[in-house]
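Engineer: File follows, model.csv with CSV, C-alpha atoms:
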chain,number,residue,atom,x,y,z
A,975,MET,CA,-22.8,10.9,4.4
A,976,SER,CA,-19.3,12.1,3.6
A,977,LYS,CA,-19.2,13.5,7.1
A,978,PHE,CA,-18.7,9.9,8.3
A,979,LYS,CA,-16.3,8.8,5.6
A,980,ILE,CA,-12.7,8.9,6.7
A,981,SER,CA,-9.4,7.7,5.1
A,982,CYS,CA,-7.3,4.9,6.4
A,983,ASP,CA,-4.8,7.4,7.7
A,984,GLU,CA,-7.5,9.1,9.7
A,985,ALA,CA,-9.1,5.8,10.8
A,986,THR,CA,-5.7,4.5,12.1
A,987,THR,CA,-5.0,7.8,13.8
A,988,ILE,CA,-8.3,7.5,15.7
A,989,CYS,CA,-7.5,3.8,16.4
A,990,ASP,CA,-4.2,4.8,18.0
A,991,LYS,CA,-5.9,7.6,20.0
A,992,ASN,CA,-8.5,5.1,21.2
A,993,GLN,CA,-5.7,2.9,22.6
A,994,TYR,CA,-5.2,5.6,25.2
A,995,LYS,CA,-9.0,5.9,25.7
A,996,SER,CA,-8.9,9.5,24.3
A,997,ALA,CA,-11.1,9.2,21.2
A,998,SER,CA,-14.4,11.1,21.3
A,999,PHE,CA,-17.8,9.5,20.7
A,1000,GLY,CA,-17.9,10.9,17.1
A,1001,GLU,CA,-14.4,9.6,16.3
A,1002,LYS,CA,-15.3,6.1,17.6
A,1003,LEU,CA,-18.4,6.1,15.5
A,1004,ARG,CA,-16.5,7.0,12.4
A,1005,LEU,CA,-13.8,4.4,13.2
A,1006,THR,CA,-16.4,1.7,13.7
A,1007,LEU,CA,-18.0,2.5,10.3
A,1008,HIS,CA,-14.7,2.5,8.6
A,1009,LEU,CA,-13.6,-0.9,10.1
A,1010,LEU,CA,-16.8,-2.5,8.9
A,1011,LYS,CA,-15.7,-2.2,5.3
A,1012,CYS,CA,-11.9,-1.9,5.5
A,1013,LYS,CA,-10.2,-5.2,6.2
A,1014,VAL,CA,-6.7,-3.7,6.3
A,1015,CYS,CA,-7.6,-1.2,9.0
A,1016,LYS,CA,-9.5,-3.9,10.9
A,1017,CYS,CA,-6.2,-5.9,10.8
A,1018,TYR,CA,-4.3,-2.9,12.1
A,1019,SER,CA,-6.9,-2.4,14.8
A,1020,VAL,CA,-6.6,-6.0,16.1
A,1021,GLN,CA,-2.8,-5.8,16.0
A,1022,ASN,CA,-2.9,-2.5,17.8
A,1023,ASP,CA,-4.5,-4.1,20.8
A,1024,ILE,CA,-1.6,-6.6,20.8
A,1025,MET,CA,0.9,-3.7,20.5
A,1026,THR,CA,-0.7,-1.9,23.4
A,1027,LYS,CA,-0.2,-5.0,25.5
A,1028,VAL,CA,3.4,-5.2,24.4
A,1029,TYR,CA,4.0,-1.5,25.4
A,1030,GLU,CA,2.2,-2.0,28.7
A,1031,GLU,CA,4.4,-5.0,29.5
A,1032,TYR,CA,7.5,-3.1,28.5
A,1033,SER,CA,6.4,0.0,30.5
A,1034,SER,CA,5.8,-2.0,33.7
A,1035,HIS,CA,9.4,-3.3,33.6
A,1036,GLN,CA,11.0,0.0,33.0
A,1037,CYS,CA,12.9,1.2,36.0
A,1038,LYS,CA,10.6,3.8,37.7
A,1039,GLU,CA,13.0,4.3,40.5
A,1040,ASP,CA,15.1,7.4,40.8
A,1041,LYS,CA,18.4,7.3,39.0
A,1042,CYS,CA,21.4,9.0,40.3
A,1043,LEU,CA,24.2,10.6,38.4
A,1044,CYS,CA,27.5,9.0,39.2
A,1045,ASP,CA,30.1,10.9,41.3
A,1046,GLU,CA,32.3,11.4,38.2
A,1047,ASP,CA,29.5,13.1,36.3
A,1048,LYS,CA,28.8,15.3,39.2
A,1049,GLN,CA,32.5,16.3,39.6
A,1050,ILE,CA,32.6,17.2,35.9
A,1051,MET,CA,29.5,19.3,36.3
A,1052,GLN,CA,30.8,21.0,39.4
A,1053,LYS,CA,34.1,21.8,37.8
A,1054,ALA,CA,32.5,23.2,34.7
A,1055,LEU,CA,30.1,25.3,36.8
A,1056,GLU,CA,32.9,26.7,39.0
A,1057,GLU,CA,34.9,27.7,35.9
A,1058,GLN,CA,31.8,29.7,34.7
A,1059,MET,CA,31.5,31.3,38.1
A,1060,ASN,CA,35.1,32.7,38.0
B,122,MET,CA,13.9,49.6,48.4
B,123,SER,CA,14.0,46.0,47.8
B,124,THR,CA,11.9,43.7,49.9
B,125,GLU,CA,13.7,40.9,51.6
B,126,LYS,CA,14.1,37.8,49.4
B,127,LYS,CA,12.5,34.6,50.7
B,128,HIS,CA,14.9,32.4,48.8
B,129,THR,CA,18.5,32.9,47.8
B,130,LEU,CA,20.7,31.3,45.2
B,131,HIS,CA,23.8,29.2,46.0
B,132,PRO,CA,25.2,28.0,42.7
B,133,GLU,CA,28.2,26.4,44.3
B,134,LYS,CA,25.8,23.9,45.9
B,135,TRP,CA,23.6,23.3,42.8
B,136,VAL,CA,25.3,20.1,41.6
B,137,GLN,CA,25.3,18.6,45.0
B,138,LEU,CA,21.7,19.5,45.8
B,139,TYR,CA,19.8,19.4,42.5
B,140,SER,CA,21.7,17.5,39.8
B,141,ASP,CA,20.0,14.2,40.6
B,142,TYR,CA,16.5,15.7,40.7
B,143,LEU,CA,17.0,17.6,37.5
B,144,TYR,CA,18.6,14.6,35.8
B,145,ASN,CA,15.6,12.4,36.7
B,146,TYR,CA,13.2,15.0,35.5
B,147,THR,CA,15.0,15.1,32.1
B,148,ILE,CA,15.6,11.4,31.6
B,149,THR,CA,11.9,10.7,31.5
B,150,ARG,CA,11.4,13.3,28.8
B,151,VAL,CA,14.3,12.9,26.4
B,152,SER,CA,15.7,10.0,24.5
B,153,SER,CA,19.2,9.6,25.8
B,154,ASP,CA,21.2,9.6,29.0
B,155,GLU,CA,24.0,11.8,27.5
B,156,LEU,CA,21.4,14.4,26.3
B,157,ALA,CA,19.9,14.5,29.7
B,158,LYS,CA,23.2,15.3,31.3
B,159,ASP,CA,23.9,18.0,28.7
B,160,LEU,CA,20.6,19.6,29.4
B,161,VAL,CA,21.2,19.6,33.2
B,162,GLN,CA,24.6,21.2,32.7
B,163,GLU,CA,23.2,23.8,30.3
B,164,THR,CA,20.5,24.6,32.9
B,165,PHE,CA,23.1,25.3,35.5
B,166,PHE,CA,25.0,27.6,33.1
B,167,ALA,CA,21.8,29.4,32.2
B,168,GLY,CA,20.9,29.7,35.8
B,169,LEU,CA,24.3,31.3,36.6
B,170,LYS,CA,23.8,33.8,33.7
B,171,SER,CA,20.4,34.9,34.8
B,172,MET,CA,21.0,35.0,38.6
B,173,LYS,CA,20.2,38.7,38.7
B,174,ASN,CA,16.7,37.9,37.4
B,175,PHE,CA,15.9,35.7,40.4
B,176,GLN,CA,13.3,37.4,42.5
B,177,GLY,CA,13.4,35.0,45.4
B,178,LYS,CA,9.7,34.2,45.2
B,179,ALA,CA,10.1,30.6,44.2
B,180,SER,CA,12.5,28.1,45.7
B,181,GLU,CA,15.9,27.6,44.1
B,182,ARG,CA,14.9,24.2,42.8
B,183,THR,CA,11.6,25.4,41.3
B,184,TRP,CA,13.5,28.2,39.6
B,185,LEU,CA,16.1,25.8,38.1
B,186,VAL,CA,13.3,23.5,36.9
B,187,SER,CA,11.6,26.3,35.1
B,188,ILE,CA,14.9,27.0,33.2
B,189,LEU,CA,15.2,23.3,32.5
B,190,LYS,CA,11.7,23.1,31.0
B,191,ARG,CA,12.7,25.9,28.6
B,192,LYS,CA,15.7,23.9,27.6
B,193,ILE,CA,13.6,20.9,26.9
B,194,ILE,CA,11.2,22.9,24.7
B,195,ASP,CA,14.2,24.4,22.9
B,196,HIS,CA,15.6,20.9,22.3
B,197,TYR,CA,12.2,19.7,21.0
B,198,ARG,CA,11.9,22.7,18.6
B,199,LYS,CA,15.4,21.9,17.3
B,200,ILE,CA,14.6,18.3,16.5
B,201,ASN,CA,11.2,19.4,15.0
B,202,SER,CA,13.0,21.3,12.3
B,203,ASN,CA,12.9,20.3,8.7
B,204,LYS,CA,15.8,17.9,9.1
B,205,GLY,CA,13.8,15.8,11.6
B,206,LYS,CA,10.8,15.7,9.3
B,207,ALA,CA,12.6,14.0,6.5
B,208,GLU,CA,13.3,10.9,8.5
B,209,VAL,CA,9.7,9.8,8.7
B,210,ARG,CA,8.7,6.6,7.0
B,211,MET,CA,5.3,7.1,5.4
B,212,ASN,CA,2.7,4.5,5.6
B,213,PHE,CA,-0.1,6.3,3.7
B,214,TYR,CA,-0.2,8.1,0.4
B,215,LYS,CA,0.2,11.8,1.1
B,216,ASP,CA,-1.6,13.2,-2.0
B,217,GLY,CA,-3.1,12.2,-5.3
B,218,ASP,CA,-6.2,10.0,-5.8
B,219,ASN,CA,-5.1,7.6,-3.1
B,220,ALA,CA,-4.4,10.2,-0.5
B,221,GLY,CA,-4.9,8.8,3.0
B,222,GLU,CA,-4.9,5.2,1.7
B,223,TRP,CA,-2.3,2.6,2.8
B,224,ILE,CA,0.8,2.4,0.6
B,225,GLU,CA,0.7,-1.1,-0.7
B,226,GLU,CA,4.0,-2.4,0.6
B,227,ARG,CA,3.2,-1.0,4.0
B,228,VAL,CA,-0.1,-2.8,4.4
B,229,PRO,CA,-0.1,-4.8,7.6
B,230,ASN,CA,0.3,-8.6,7.1
B,231,LEU,CA,-1.7,-11.0,9.2
B,232,TRP,CA,0.0,-12.2,12.3
B,233,SER,CA,-0.3,-15.7,13.7
B,234,SER,CA,-3.3,-16.2,16.0
B,235,ASP,CA,-1.1,-16.7,19.0
B,236,ALA,CA,0.9,-13.5,18.3
B,237,ASP,CA,0.4,-12.3,21.9
B,238,LYS,CA,1.6,-15.4,23.7
B,239,ASP,CA,5.2,-14.3,24.1
B,240,ILE,CA,4.6,-10.9,25.4
B,241,GLN,CA,6.8,-11.4,28.5
B,242,ASN,CA,9.7,-12.7,26.4
B,243,ASP,CA,13.0,-10.8,26.9
B,244,GLU,CA,13.9,-11.0,23.3
B,245,LEU,CA,10.6,-9.3,22.4
B,246,LYS,CA,11.6,-6.5,24.7
B,247,GLU,CA,15.0,-6.2,23.1
B,248,THR,CA,13.4,-6.1,19.6
B,249,LEU,CA,10.9,-3.4,20.8
B,250,GLU,CA,13.8,-1.4,22.2
B,251,LYS,CA,15.6,-1.6,18.9
B,252,CYS,CA,12.5,-0.5,17.0
B,253,ILE,CA,11.9,2.4,19.4
B,254,GLU,CA,15.6,3.4,18.8
B,255,LYS,CA,14.9,3.6,15.1
B,256,LEU,CA,12.1,6.2,15.5
B,257,PRO,CA,13.0,9.8,14.6
B,258,GLU,CA,13.9,11.6,17.8
B,259,LYS,CA,10.8,13.7,18.0
B,260,TYR,CA,8.6,10.7,17.7
B,261,LYS,CA,10.6,8.8,20.2
B,262,MET,CA,10.3,11.6,22.7
B,263,VAL,CA,6.5,12.0,22.5
B,264,PHE,CA,5.9,8.3,22.2
B,265,LYS,CA,8.0,7.6,25.3
B,266,MET,CA,6.4,10.3,27.4
B,267,LYS,CA,2.9,9.2,26.5
B,268,THR,CA,3.2,5.4,26.3
B,269,ILE,CA,6.1,4.4,28.5
B,270,GLN,CA,6.1,7.1,31.1
B,271,GLY,CA,2.3,7.5,31.0
B,272,PHE,CA,2.2,11.4,31.1
B,273,GLU,CA,-1.2,13.0,30.6
B,274,THR,CA,-1.8,14.4,27.1
B,275,GLU,CA,-2.3,18.0,28.4
B,276,GLU,CA,1.0,17.8,30.3
B,277,ILE,CA,3.0,16.7,27.2
B,278,CYS,CA,1.3,19.4,25.1
B,279,LYS,CA,2.1,22.1,27.7
B,280,GLU,CA,5.7,20.9,28.1
B,281,LEU,CA,6.5,20.6,24.4
B,282,ASP,CA,4.3,23.5,23.4
B,283,ILE,CA,2.3,21.5,20.8
B,284,THR,CA,-1.5,21.0,20.2
B,285,SER,CA,-3.3,17.8,21.1
B,286,SER,CA,-4.1,17.0,17.4
B,287,ASN,CA,-0.4,17.5,16.8
B,288,LEU,CA,0.4,15.0,19.5
B,289,TRP,CA,-2.0,12.4,18.2
B,290,VAL,CA,-0.5,12.6,14.7
B,291,ILE,CA,2.9,12.0,16.2
B,292,ILE,CA,1.6,9.1,18.3
B,293,HIS,CA,0.0,7.7,15.2
B,294,ARG,CA,3.1,7.9,13.1
B,295,ALA,CA,5.3,6.4,15.9
B,296,ARG,CA,2.9,3.5,16.4
B,297,THR,CA,2.5,2.7,12.7
B,298,GLN,CA,6.2,2.7,12.3
B,299,LEU,CA,6.7,0.6,15.4
B,300,ARG,CA,4.0,-1.9,14.3
B,301,SER,CA,5.7,-2.2,11.0
B,302,CYS,CA,9.2,-2.7,12.5
B,303,MET,CA,7.9,-5.3,15.0
B,304,GLU,CA,6.2,-7.1,12.2
B,305,SER,CA,9.4,-7.4,10.2
B,306,ASN,CA,11.5,-8.3,13.2
B,307,TRP,CA,9.3,-10.3,15.5
B,308,PHE,CA,5.7,-11.2,14.5
B,309,ASN,CA,6.6,-12.7,11.2
B,310,ASN,CA,9.3,-15.0,12.4
Could you write out this file's structure as C-alpha cells?
Structural biologist:
Amino acid sequence: MSKFKISCDEATTICDKNQYKSASFGEKLRLTLHLLKCKVCKCYSVQNDIMTKVYEEYSSHQCKEDKCLCDEDKQIMQKALEEQMN
Amino acid sequence: MSTEKKHTLHPEKWVQLYSDYLYNYTITRVSSDELAKDLVQETFFAGLKSMKNFQGKASERTWLVSILKRKIIDHYRKINSNKGKAEVRMNFYKDGDNAGEWIEERVPNLWSSDADKDIQNDELKETLEKCIEKLPEKYKMVFKMKTIQGFETEEICKELDITSSNLWVIIHRARTQLRSCMESNWFNN
C-alpha cells in the first residue's frame, strides 16, 4: 500500500517529468492515484498542461538561427589572444 | 619518432574561424550573452596553454569544443555551490510531519477557465521571460536546455555531469517556481 503512496512534492515532480513524456509506467500509476485524492496537485497538474503550452509557444518563437558575434567582440578576442601568444 | 599529425593548430585564426561556432554552442547552454562570450574567450586561452597536448587526431574545432565543454561543466559546478542553493524558493515542507506537502501560502490558486486563451500574447512572453530571469542560474540553465532548446535528457546529464533524477528535481523546482511567478504576474490578473 505505502508503495503507492507519494507526497505532493513527489507527485508534482512526476507530473513535471510527465510533461516531457519521460515518466515511467509505475510513476504514472502513482501519480494518477495521488491525483484522485489530492485536489491541490490535481490543480497543479491541469495548470501544468497550460504552462507546457506557454513554454512550447515561447520556444517556437525563440530565434533558432545562428547568431554571430559582432566584429567589435571578435577584435577584442583576437587582441586578447594575441597578447597571450606573445 | 612522432607520426605525422593529421591536424595542426593555428591559434592566430581561431577567432576568425571558430568564434561564431563556439559562441552559438555556448549561448544555447548558458543564461547570458556576456557569459557566453567570456567562456569562448577562456576556451581560446586554455587552448593556447595546452597546445602541446594536442595530438592532431581530432580537428582543431573538435578539440576546441572539448575544451569549451569542460568550461561549461566548470561553470555549472561553480553555480551549483552552496551559494546557489540558498536562492531556491521552496514550495513544499522539507521536513517535519508535513514533509513533502504543499506550503500553505504556495498552494496553487485556481485560474480562470480561459487561462490559455492568450498564449500567443506578446505581454505573456515578456512576463514569462521576467519569471525565467528570476530563477536561480542553475535552474535557468537546465530548464532552458530541456524546455526551450529541447535537448535530450541524456545529453544534458552528460554535458553537466548530473544524474537524471537530479535533472528532474531541478526541472520540478524550476517549473513550480515559474508556475507560481506566472500566477502572481499573469494568470491572476
Engineer: Measuring atom to atom with all atoms listed in the file, identify which of A:Glu1057, A:Asp983, A:Glu1001, A:Asp1023 is nearest to chain B.
Structural biologist: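 Ranking A:Glu1057, A:Asp983, A:Glu1001, A:Asp1023 by distance to chain B, first place goes to A:Asp983.
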Engineer: At a cut-off of 8 Å, using all atoms listed in the file, what residues contact B:Phe166? Leave out same-chain residues fewer than 3 positions from it and give the result as a list in words.
Structural biologist: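 Using all atoms listed in the file, the neighbours found are Leu1055 and Gln1058 of chain A; Gln162, Glu163, Leu169 and Lys170 of chain B.
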Engineer: Using all atoms listed in the file, I'd like a table of the residues in chain B that come within 9 Å of chain A; for each, show the closest atom pair and its distance in Å rounded to one decimal, ordered by chain and ascending number, as a Markdown table.
Structural biologist:
| residue | atom | partner | partner_atom | distance |
| --- | --- | --- | --- | --- |
| B:Pro132 | CA | A:Leu1055 | CA | 8.1 |
| B:Glu133 | CA | A:Glu1056 | CA | 7.1 |
| B:Lys134 | CA | A:Gln1052 | CA | 8.7 |
| B:Trp135 | CA | A:Gln1052 | CA | 8.3 |
| B:Val136 | CA | A:Gln1052 | CA | 6.0 |
| B:Gln137 | CA | A:Lys1048 | CA | 7.5 |
| B:Ser140 | CA | A:Lys1048 | CA | 7.5 |
| B:Asp141 | CA | A:Cys1042 | CA | 5.4 |
| B:Tyr142 | CA | A:Cys1042 | CA | 8.3 |
| B:Tyr144 | CA | A:Leu1043 | CA | 7.4 |
| B:Asn145 | CA | A:Lys1041 | CA | 6.3 |
| B:Ile148 | CA | A:Lys1041 | CA | 8.9 |
| B:Lys158 | CA | A:Asp1047 | CA | 8.3 |
| B:Val161 | CA | A:Met1051 | CA | 8.9 |
| B:Gln162 | CA | A:Met1051 | CA | 6.4 |
| B:Phe165 | CA | A:Leu1055 | CA | 7.1 |
| B:Phe166 | CA | A:Leu1055 | CA | 6.7 |
| B:Leu169 | CA | A:Met1059 | CA | 7.4 |
| B:Asn212 | CA | A:Asp983 | CA | 8.3 |
| B:Phe213 | CA | A:Asp983 | CA | 6.3 |
| B:Tyr214 | CA | A:Asp983 | CA | 8.7 |
| B:Ala220 | CA | A:Ser981 | CA | 7.9 |
| B:Gly221 | CA | A:Asp983 | CA | 4.9 |
| B:Glu222 | CA | A:Cys982 | CA | 5.3 |
| B:Trp223 | CA | A:Cys982 | CA | 6.6 |
| B:Val228 | CA | A:Val1014 | CA | 6.9 |
| B:Pro229 | CA | A:Tyr1018 | CA | 6.4 |
| B:Asn230 | CA | A:Cys1017 | CA | 8.0 |
| B:Leu231 | CA | A:Cys1017 | CA | 7.0 |
| B:Trp232 | CA | A:Gln1021 | CA | 7.9 |
| B:Ala236 | CA | A:Ile1024 | CA | 7.8 |
| B:Asp237 | CA | A:Ile1024 | CA | 6.1 |
| B:Ile240 | CA | A:Val1028 | CA | 5.9 |
| B:Gln241 | CA | A:Glu1031 | CA | 6.9 |
| B:Leu245 | CA | A:Val1028 | CA | 8.5 |
| B:Lys246 | CA | A:Tyr1032 | CA | 6.5 |
| B:Leu249 | CA | A:Tyr1032 | CA | 8.4 |
| B:Lys267 | CA | A:Tyr994 | CA | 9.0 |
| B:Thr268 | CA | A:Tyr1029 | CA | 7.0 |
| B:Ile269 | CA | A:Ser1033 | CA | 4.8 |
| B:Gln270 | CA | A:Ser1033 | CA | 7.1 |
| B:Gly271 | CA | A:Ser1033 | CA | 8.6 |
| B:Trp289 | CA | A:Lys991 | CA | 6.4 |
| B:Val290 | CA | A:Thr987 | CA | 6.6 |
| B:Ile292 | CA | A:Asp990 | CA | 7.2 |
| B:His293 | CA | A:Thr987 | CA | 5.2 |
| B:Arg294 | CA | A:Thr987 | CA | 8.1 |
| B:Arg296 | CA | A:Asp990 | CA | 7.4 |
| B:Thr297 | CA | A:Thr986 | CA | 8.4 |
| B:Leu299 | CA | A:Met1025 | CA | 8.8 |
| B:Arg300 | CA | A:Met1025 | CA | 7.2 |
Engineer: Find the distance between atom CA of B:Lys127 and atom CA of B:Tyr146 and write it in Å to one decimal.
Structural biologist: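 Atom-to-atom, atom CA of B:Lys127 to atom CA of B:Tyr146, that is 24.8 Å.
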Engineer: Figure out the distance between atom CA of B:Glu247 and atom CA of B:Phe308, please, to one decimal in Å.
Structural biologist: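 That distance, rounded to one decimal, is 13.6 Å.
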Engineer: Report the distance between atom CA of B:Met266 and atom CA of B:Arg150 in Å, rounded to one decimal place.
Structural biologist: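 Distance between the two atoms: 6.0 Å.
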Engineer: Given all atoms listed in the file as the basis, pick out the residue of B:Thr183, B:Ser152, B:Asn174, B:Ser202 nearest to B:Tyr139.
Structural biologist: B:Thr183
Engineer: Residues at most 12 Å from stretch 273-284 of chain B, counting all atoms listed in the file, excluding those fewer than 6 positions away in the same chain, as JSON, numbers by chain?
Structural biologist: {"A": [991, 994, 995, 996], "B": [147, 149, 150, 151, 186, 187, 189, 190, 191, 192, 193, 194, 195, 196, 197, 198, 199, 200, 201, 259, 262, 263, 264, 265, 266, 267, 290, 291, 292]}
Engineer: So, with all atoms listed in the file as the atoms that count, which of B:Lys178, B:Lys215, B:Lys238, B:Lys251 lies closest to B:Cys302?
Structural biologist: B:Lys251
Engineer: Keeping just all heavy atoms, export stretch 293-303 of chain B of this structure as a tab-separated table (two decimals), in the first residue's frame.
Structural biologist:
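Output contents, as saved in selection_31.tsv:
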chain	number	residue	atom	x	y	z
B	293	HIS	N	11.64	20.17	-11.87
B	293	HIS	CA	10.47	20.31	-10.99
B	293	HIS	C	10.51	21.63	-10.22
B	293	HIS	O	9.53	22.37	-10.18
B	293	HIS	CB	10.46	19.10	-10.03
B	293	HIS	CG	9.53	19.23	-8.88
B	293	HIS	ND1	8.19	19.49	-9.02
B	293	HIS	CD2	9.75	19.13	-7.54
B	293	HIS	CE1	7.62	19.53	-7.82
B	293	HIS	NE2	8.55	19.33	-6.92
B	294	ARG	N	11.65	21.94	-9.64
B	294	ARG	CA	11.76	23.18	-8.87
B	294	ARG	C	11.63	24.40	-9.76
B	294	ARG	O	11.00	25.39	-9.40
B	294	ARG	CB	13.08	23.21	-8.10
B	294	ARG	CG	13.12	22.09	-7.08
B	294	ARG	CD	14.02	22.42	-5.91
B	294	ARG	NE	13.94	21.34	-4.94
B	294	ARG	CZ	15.00	20.80	-4.35
B	294	ARG	NH1	16.21	21.25	-4.64
B	294	ARG	NH2	14.84	19.84	-3.48
B	295	ALA	N	12.23	24.32	-10.94
B	295	ALA	CA	12.12	25.46	-11.87
B	295	ALA	C	10.67	25.66	-12.27
B	295	ALA	O	10.16	26.77	-12.27
B	295	ALA	CB	12.99	25.19	-13.10
B	296	ARG	N	9.98	24.56	-12.57
B	296	ARG	CA	8.59	24.68	-13.04
B	296	ARG	C	7.64	25.13	-11.95
B	296	ARG	O	6.72	25.90	-12.22
B	296	ARG	CB	8.12	23.36	-13.67
B	296	ARG	CG	8.75	23.08	-15.04
B	296	ARG	CD	8.18	21.83	-15.67
B	296	ARG	NE	6.82	22.02	-16.15
B	296	ARG	CZ	6.48	21.97	-17.45
B	296	ARG	NH1	7.37	21.73	-18.37
B	296	ARG	NH2	5.22	22.16	-17.81
B	297	THR	N	7.85	24.66	-10.72
B	297	THR	CA	6.94	25.11	-9.65
B	297	THR	C	7.17	26.60	-9.39
B	297	THR	O	6.23	27.35	-9.16
B	297	THR	CB	7.12	24.32	-8.33
B	297	THR	OG1	8.50	24.17	-8.05
B	297	THR	CG2	6.48	22.96	-8.40
B	298	GLN	N	8.44	27.01	-9.46
B	298	GLN	CA	8.72	28.43	-9.23
B	298	GLN	C	8.15	29.29	-10.37
B	298	GLN	O	7.58	30.35	-10.13
B	298	GLN	CB	10.24	28.64	-9.10
B	298	GLN	CG	10.58	30.07	-8.73
B	298	GLN	CD	11.94	30.18	-8.02
B	298	GLN	OE1	12.37	29.24	-7.34
B	298	GLN	NE2	12.60	31.29	-8.20
B	299	LEU	N	8.28	28.82	-11.60
B	299	LEU	CA	7.75	29.57	-12.74
B	299	LEU	C	6.22	29.63	-12.70
B	299	LEU	O	5.63	30.67	-12.97
B	299	LEU	CB	8.19	28.92	-14.06
B	299	LEU	CG	9.63	29.17	-14.48
B	299	LEU	CD1	9.99	28.32	-15.71
B	299	LEU	CD2	9.87	30.64	-14.80
B	300	ARG	N	5.60	28.51	-12.33
B	300	ARG	CA	4.13	28.48	-12.23
B	300	ARG	C	3.66	29.55	-11.25
B	300	ARG	O	2.75	30.33	-11.52
B	300	ARG	CB	3.67	27.10	-11.74
B	300	ARG	CG	2.19	26.84	-11.85
B	300	ARG	CD	1.68	25.98	-10.69
B	300	ARG	NE	1.78	26.71	-9.45
B	300	ARG	CZ	0.86	27.56	-9.02
B	300	ARG	NH1	-0.23	27.76	-9.71
B	300	ARG	NH2	1.03	28.23	-7.90
B	301	SER	N	4.34	29.57	-10.10
B	301	SER	CA	3.97	30.50	-9.06
B	301	SER	C	4.19	31.96	-9.49
B	301	SER	O	3.34	32.83	-9.26
B	301	SER	CB	4.80	30.13	-7.82
B	301	SER	OG	4.79	31.15	-6.91
B	302	CYS	N	5.30	32.21	-10.15
B	302	CYS	CA	5.61	33.56	-10.64
B	302	CYS	C	4.59	34.00	-11.70
B	302	CYS	O	4.11	35.13	-11.70
B	302	CYS	CB	7.02	33.59	-11.21
B	302	CYS	SG	7.52	35.17	-11.91
B	303	MET	N	4.24	33.08	-12.61
B	303	MET	CA	3.27	33.40	-13.65
B	303	MET	C	1.88	33.60	-13.06
B	303	MET	O	1.09	34.38	-13.56
B	303	MET	CB	3.23	32.29	-14.71
B	303	MET	CG	4.46	32.22	-15.59
B	303	MET	SD	4.74	33.73	-16.54
B	303	MET	CE	3.48	33.59	-17.82
